[in-house]
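Raw upload.cif, mmCIF, C-alpha atoms:
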data_entry
loop_
_atom_site.label_atom_id
_atom_site.label_comp_id
_atom_site.auth_asym_id
_atom_site.auth_seq_id
_atom_site.Cartn_x
_atom_site.Cartn_y
_atom_site.Cartn_z
CA MET A 1 51.14 79.34 -95.75
CA GLY A 2 47.91 77.70 -96.71
CA VAL A 3 44.28 77.10 -95.89
CA ASP A 4 43.23 74.11 -93.83
CA GLN A 5 40.69 72.43 -96.14
CA SER A 6 39.35 70.01 -93.52
CA ALA A 7 37.84 72.91 -91.60
CA ALA A 8 36.14 74.33 -94.69
CA LYS A 9 33.94 71.25 -95.41
CA PRO A 10 30.16 71.70 -95.15
CA GLY A 11 28.71 70.54 -91.87
CA ASN A 12 31.92 71.18 -89.99
CA SER A 13 31.27 73.75 -87.27
CA SER A 14 34.88 74.87 -86.95
CA THR A 15 36.06 77.92 -88.82
CA CYS A 16 38.54 78.06 -91.66
CA THR A 17 42.07 78.61 -90.39
CA ILE A 18 44.95 80.19 -92.24
CA SER A 19 48.41 79.52 -90.90
CA CYS A 20 50.53 82.56 -90.23
CA PRO A 21 54.09 82.67 -91.60
CA LEU A 22 55.31 83.57 -88.10
CA GLU A 23 53.94 80.27 -86.78
CA MET A 24 56.13 78.25 -89.11
CA ASN A 25 59.42 76.86 -87.86
CA THR A 26 61.52 79.73 -89.08
CA GLY A 27 64.02 81.90 -87.29
CA LEU A 28 61.53 84.76 -87.14
CA GLY A 29 58.84 82.58 -85.54
CA TYR A 30 61.27 81.39 -82.89
CA TYR A 31 62.35 84.99 -82.27
CA MET A 32 58.72 86.08 -81.84
CA ASP A 33 58.06 83.18 -79.44
CA GLN A 34 61.01 84.28 -77.34
CA ARG A 35 59.76 87.86 -77.28
CA VAL A 36 56.27 86.80 -76.24
CA ALA A 37 57.64 84.54 -73.51
CA ARG A 38 59.90 87.33 -72.26
CA ALA A 39 56.99 89.81 -72.25
CA ARG A 40 54.84 87.39 -70.26
CA ARG A 41 57.66 86.85 -67.76
CA TYR A 42 58.17 90.58 -67.32
CA ALA A 43 54.43 91.13 -66.90
CA HIS A 44 54.31 88.39 -64.25
CA GLU A 45 57.26 89.96 -62.44
CA GLY A 46 55.37 93.27 -62.47
CA VAL A 47 52.25 91.63 -61.03
CA VAL A 48 54.23 89.97 -58.24
CA ALA A 49 56.09 93.19 -57.39
CA GLY A 50 52.82 95.14 -57.45
CA ALA A 51 51.09 92.64 -55.18
CA LYS A 52 53.94 92.83 -52.67
CA ALA A 53 53.78 96.62 -52.73
CA ALA A 54 49.99 96.55 -52.29
CA ILE A 55 50.30 94.31 -49.24
CA MET A 56 52.90 96.60 -47.69
CA ALA A 57 50.87 99.72 -48.52
CA THR A 58 47.74 98.18 -47.02
CA ALA A 59 49.51 97.58 -43.73
CA ALA A 60 51.22 100.97 -43.85
CA SER A 61 47.94 102.83 -44.42
CA ALA A 62 45.59 100.68 -42.32
CA ILE A 63 47.50 101.08 -39.07
CA PRO A 64 47.46 104.91 -38.97
CA THR A 65 43.94 105.12 -40.38
CA LEU A 66 42.45 102.77 -37.81
CA ALA A 67 44.52 104.31 -35.00
CA SER A 68 43.45 107.84 -35.89
CA VAL A 69 39.77 106.84 -35.82
CA ARG A 70 40.21 105.59 -32.27
CA MET A 71 42.34 108.51 -31.00
CA PHE A 72 41.04 111.68 -32.68
CA PRO A 73 37.45 112.86 -32.14
CA TRP A 74 37.29 114.48 -35.58
CA ALA A 75 38.25 111.24 -37.31
CA ARG A 76 35.79 109.28 -35.16
CA ARG A 77 32.96 111.60 -36.22
CA ASN A 78 33.84 111.94 -39.91
CA LEU A 79 35.44 108.68 -41.03
CA ASN A 80 32.85 105.94 -41.09
CA PRO A 81 33.93 102.35 -41.95
CA THR A 82 33.34 102.96 -45.66
CA ALA A 83 35.65 105.97 -45.68
CA GLN A 84 38.31 104.01 -43.81
CA ALA A 85 38.11 101.16 -46.31
CA LEU A 86 38.25 103.64 -49.18
CA ILE A 87 41.42 105.27 -47.82
CA ILE A 88 43.14 101.93 -47.31
CA SER A 89 42.13 100.41 -50.64
CA THR A 90 43.03 103.55 -52.60
CA VAL A 91 46.54 103.52 -51.19
CA ALA A 92 46.90 99.79 -51.90
CA GLY A 93 45.63 100.16 -55.48
CA ALA A 94 47.88 103.11 -56.20
CA ALA A 95 50.90 101.27 -54.82
CA TYR A 96 50.09 98.21 -56.94
CA PHE A 97 49.83 100.12 -60.20
CA VAL A 98 52.82 102.37 -59.59
CA VAL A 99 55.17 99.52 -58.67
CA ALA A 100 53.88 97.12 -61.34
CA ASP A 101 54.20 99.77 -64.05
CA LYS A 102 57.65 100.74 -62.84
CA LYS A 103 58.80 97.11 -62.87
CA VAL A 104 57.44 96.40 -66.36
CA LEU A 105 58.95 99.59 -67.78
CA ALA A 106 62.32 98.84 -66.18
CA SER A 107 62.26 95.36 -67.72
CA ALA A 108 61.31 96.76 -71.11
CA ARG A 109 64.09 99.34 -70.90
CA LYS A 110 66.62 96.66 -69.97
CA ASN A 111 65.38 94.48 -72.83
CA SER A 112 65.53 97.31 -75.37
CA PHE A 113 69.15 98.07 -74.43
CA ARG A 114 70.00 94.38 -74.76
CA ASN A 115 68.47 94.27 -78.27
CA ALA A 116 70.31 97.45 -79.28
CA GLN A 117 73.67 95.90 -78.41
CA GLU A 118 73.07 92.76 -80.52
#

Would you put the structure from the file into C-alpha cells?
Amino acid sequence: MGVDQSAAKPGNSSTCTISCPLEMNTGLGYYMDQRVARARRYAHEGVVAGAKAAIMATAASAIPTLASVRMFPWARRNLNPTAQALIISTVAGAAYFVVADKKVLASARKNSFRNAQE
C-alpha cells in the first residue's frame, strides 16, 4: 500500500492515487473480484429476465387494451391514445421490475446459501 509519486508531481493534471490493499494480488482481492463478477452476472440475468417479462406483459396488456377501445363505447370515449399508452407501459414497467428484482434476490439467496455451506 503506497502513494503513486509520479501523479503527485507539480504540473501533472492527474490526481494522487493510493492503492487499496484489496487490489493487491492477495487471496482477499481475488475473492472480492469473484464476488463482484458474480454480482454483475446476477444483475445481468435479472435485466434479461425483466426485459423478457416486459415484452410479454406489453403484448398481454396491449391486445386487450386496444381491443376494448375498438369494441366498447365507454372505452372509446374515455381512453384516448395517451391513456392507452400509459396502461400498456405501466404494466410493462411493473413486470420488468418485479421479475428483475425476483431474479436478483433468488440469485443472492442461492449465493448466500452456497457461502454458508463453505

Can you list, as a PDB file with C-alpha atoms, in the coordinates of the input, every protein, DNA or RNA residue that comes within 8 Å of A:Thr65 when you count only C-alpha atoms, leaving out same-chain residues fewer than 5 positions away?
ATOM      1  CA  GLN A  84      38.310 104.010 -43.810  1.00  0.00           C
ATOM      2  CA  ILE A  87      41.420 105.270 -47.820  1.00  0.00           C
ATOM      3  CA  ILE A  88      43.140 101.930 -47.310  1.00  0.00           C
TER       4      ILE A  88
END

For the provided coordinates, the residues matched by the PyMOL selection byres ((chain A and resi 40-53) around 12) should be stated as a PDB file with C-alpha atoms, keeping the file's coordinate frame.
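The file below, result27.pdb, is the result:
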ATOM      1  CA  ASP A  33      58.060  83.180 -79.440  1.00  0.00           C
ATOM      2  CA  GLN A  34      61.010  84.280 -77.340  1.00  0.00           C
ATOM      3  CA  ARG A  35      59.760  87.860 -77.280  1.00  0.00           C
ATOM      4  CA  VAL A  36      56.270  86.800 -76.240  1.00  0.00           C
ATOM      5  CA  ALA A  37      57.640  84.540 -73.510  1.00  0.00           C
ATOM      6  CA  ARG A  38      59.900  87.330 -72.260  1.00  0.00           C
ATOM      7  CA  ALA A  39      56.990  89.810 -72.250  1.00  0.00           C
ATOM      8  CA  ALA A  54      49.990  96.550 -52.290  1.00  0.00           C
ATOM      9  CA  ILE A  55      50.300  94.310 -49.240  1.00  0.00           C
ATOM     10  CA  MET A  56      52.900  96.600 -47.690  1.00  0.00           C
ATOM     11  CA  ALA A  57      50.870  99.720 -48.520  1.00  0.00           C
ATOM     12  CA  THR A  58      47.740  98.180 -47.020  1.00  0.00           C
ATOM     13  CA  ALA A  59      49.510  97.580 -43.730  1.00  0.00           C
ATOM     14  CA  ALA A  60      51.220 100.970 -43.850  1.00  0.00           C
ATOM     15  CA  SER A  61      47.940 102.830 -44.420  1.00  0.00           C
ATOM     16  CA  VAL A  91      46.540 103.520 -51.190  1.00  0.00           C
ATOM     17  CA  ALA A  92      46.900  99.790 -51.900  1.00  0.00           C
ATOM     18  CA  GLY A  93      45.630 100.160 -55.480  1.00  0.00           C
ATOM     19  CA  ALA A  94      47.880 103.110 -56.200  1.00  0.00           C
ATOM     20  CA  ALA A  95      50.900 101.270 -54.820  1.00  0.00           C
ATOM     21  CA  TYR A  96      50.090  98.210 -56.940  1.00  0.00           C
ATOM     22  CA  PHE A  97      49.830 100.120 -60.200  1.00  0.00           C
ATOM     23  CA  VAL A  98      52.820 102.370 -59.590  1.00  0.00           C
ATOM     24  CA  VAL A  99      55.170  99.520 -58.670  1.00  0.00           C
ATOM     25  CA  ALA A 100      53.880  97.120 -61.340  1.00  0.00           C
ATOM     26  CA  ASP A 101      54.200  99.770 -64.050  1.00  0.00           C
ATOM     27  CA  LYS A 102      57.650 100.740 -62.840  1.00  0.00           C
ATOM     28  CA  LYS A 103      58.800  97.110 -62.870  1.00  0.00           C
ATOM     29  CA  VAL A 104      57.440  96.400 -66.360  1.00  0.00           C
ATOM     30  CA  LEU A 105      58.950  99.590 -67.780  1.00  0.00           C
ATOM     31  CA  ALA A 106      62.320  98.840 -66.180  1.00  0.00           C
ATOM     32  CA  SER A 107      62.260  95.360 -67.720  1.00  0.00           C
ATOM     33  CA  ALA A 108      61.310  96.760 -71.110  1.00  0.00           C
ATOM     34  CA  ARG A 109      64.090  99.340 -70.900  1.00  0.00           C
ATOM     35  CA  LYS A 110      66.620  96.660 -69.970  1.00  0.00           C
ATOM     36  CA  ASN A 111      65.380  94.480 -72.830  1.00  0.00           C
TER      37      ASN A 111
END

*Atom pair atom CA of A:Arg70 / atom CA of A:Leu86: separation (Å)*: 17.1 Å

_One number please: atom CA of A:Pro73 to atom CA of A:Ala85, in Å, one decimal._
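Distance reported for this atom pair: 18.4 Å.
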
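Between atom CA of A:Ser89 and atom CA of A:Trp74 the interatomic distance comes to 21.2 Å.
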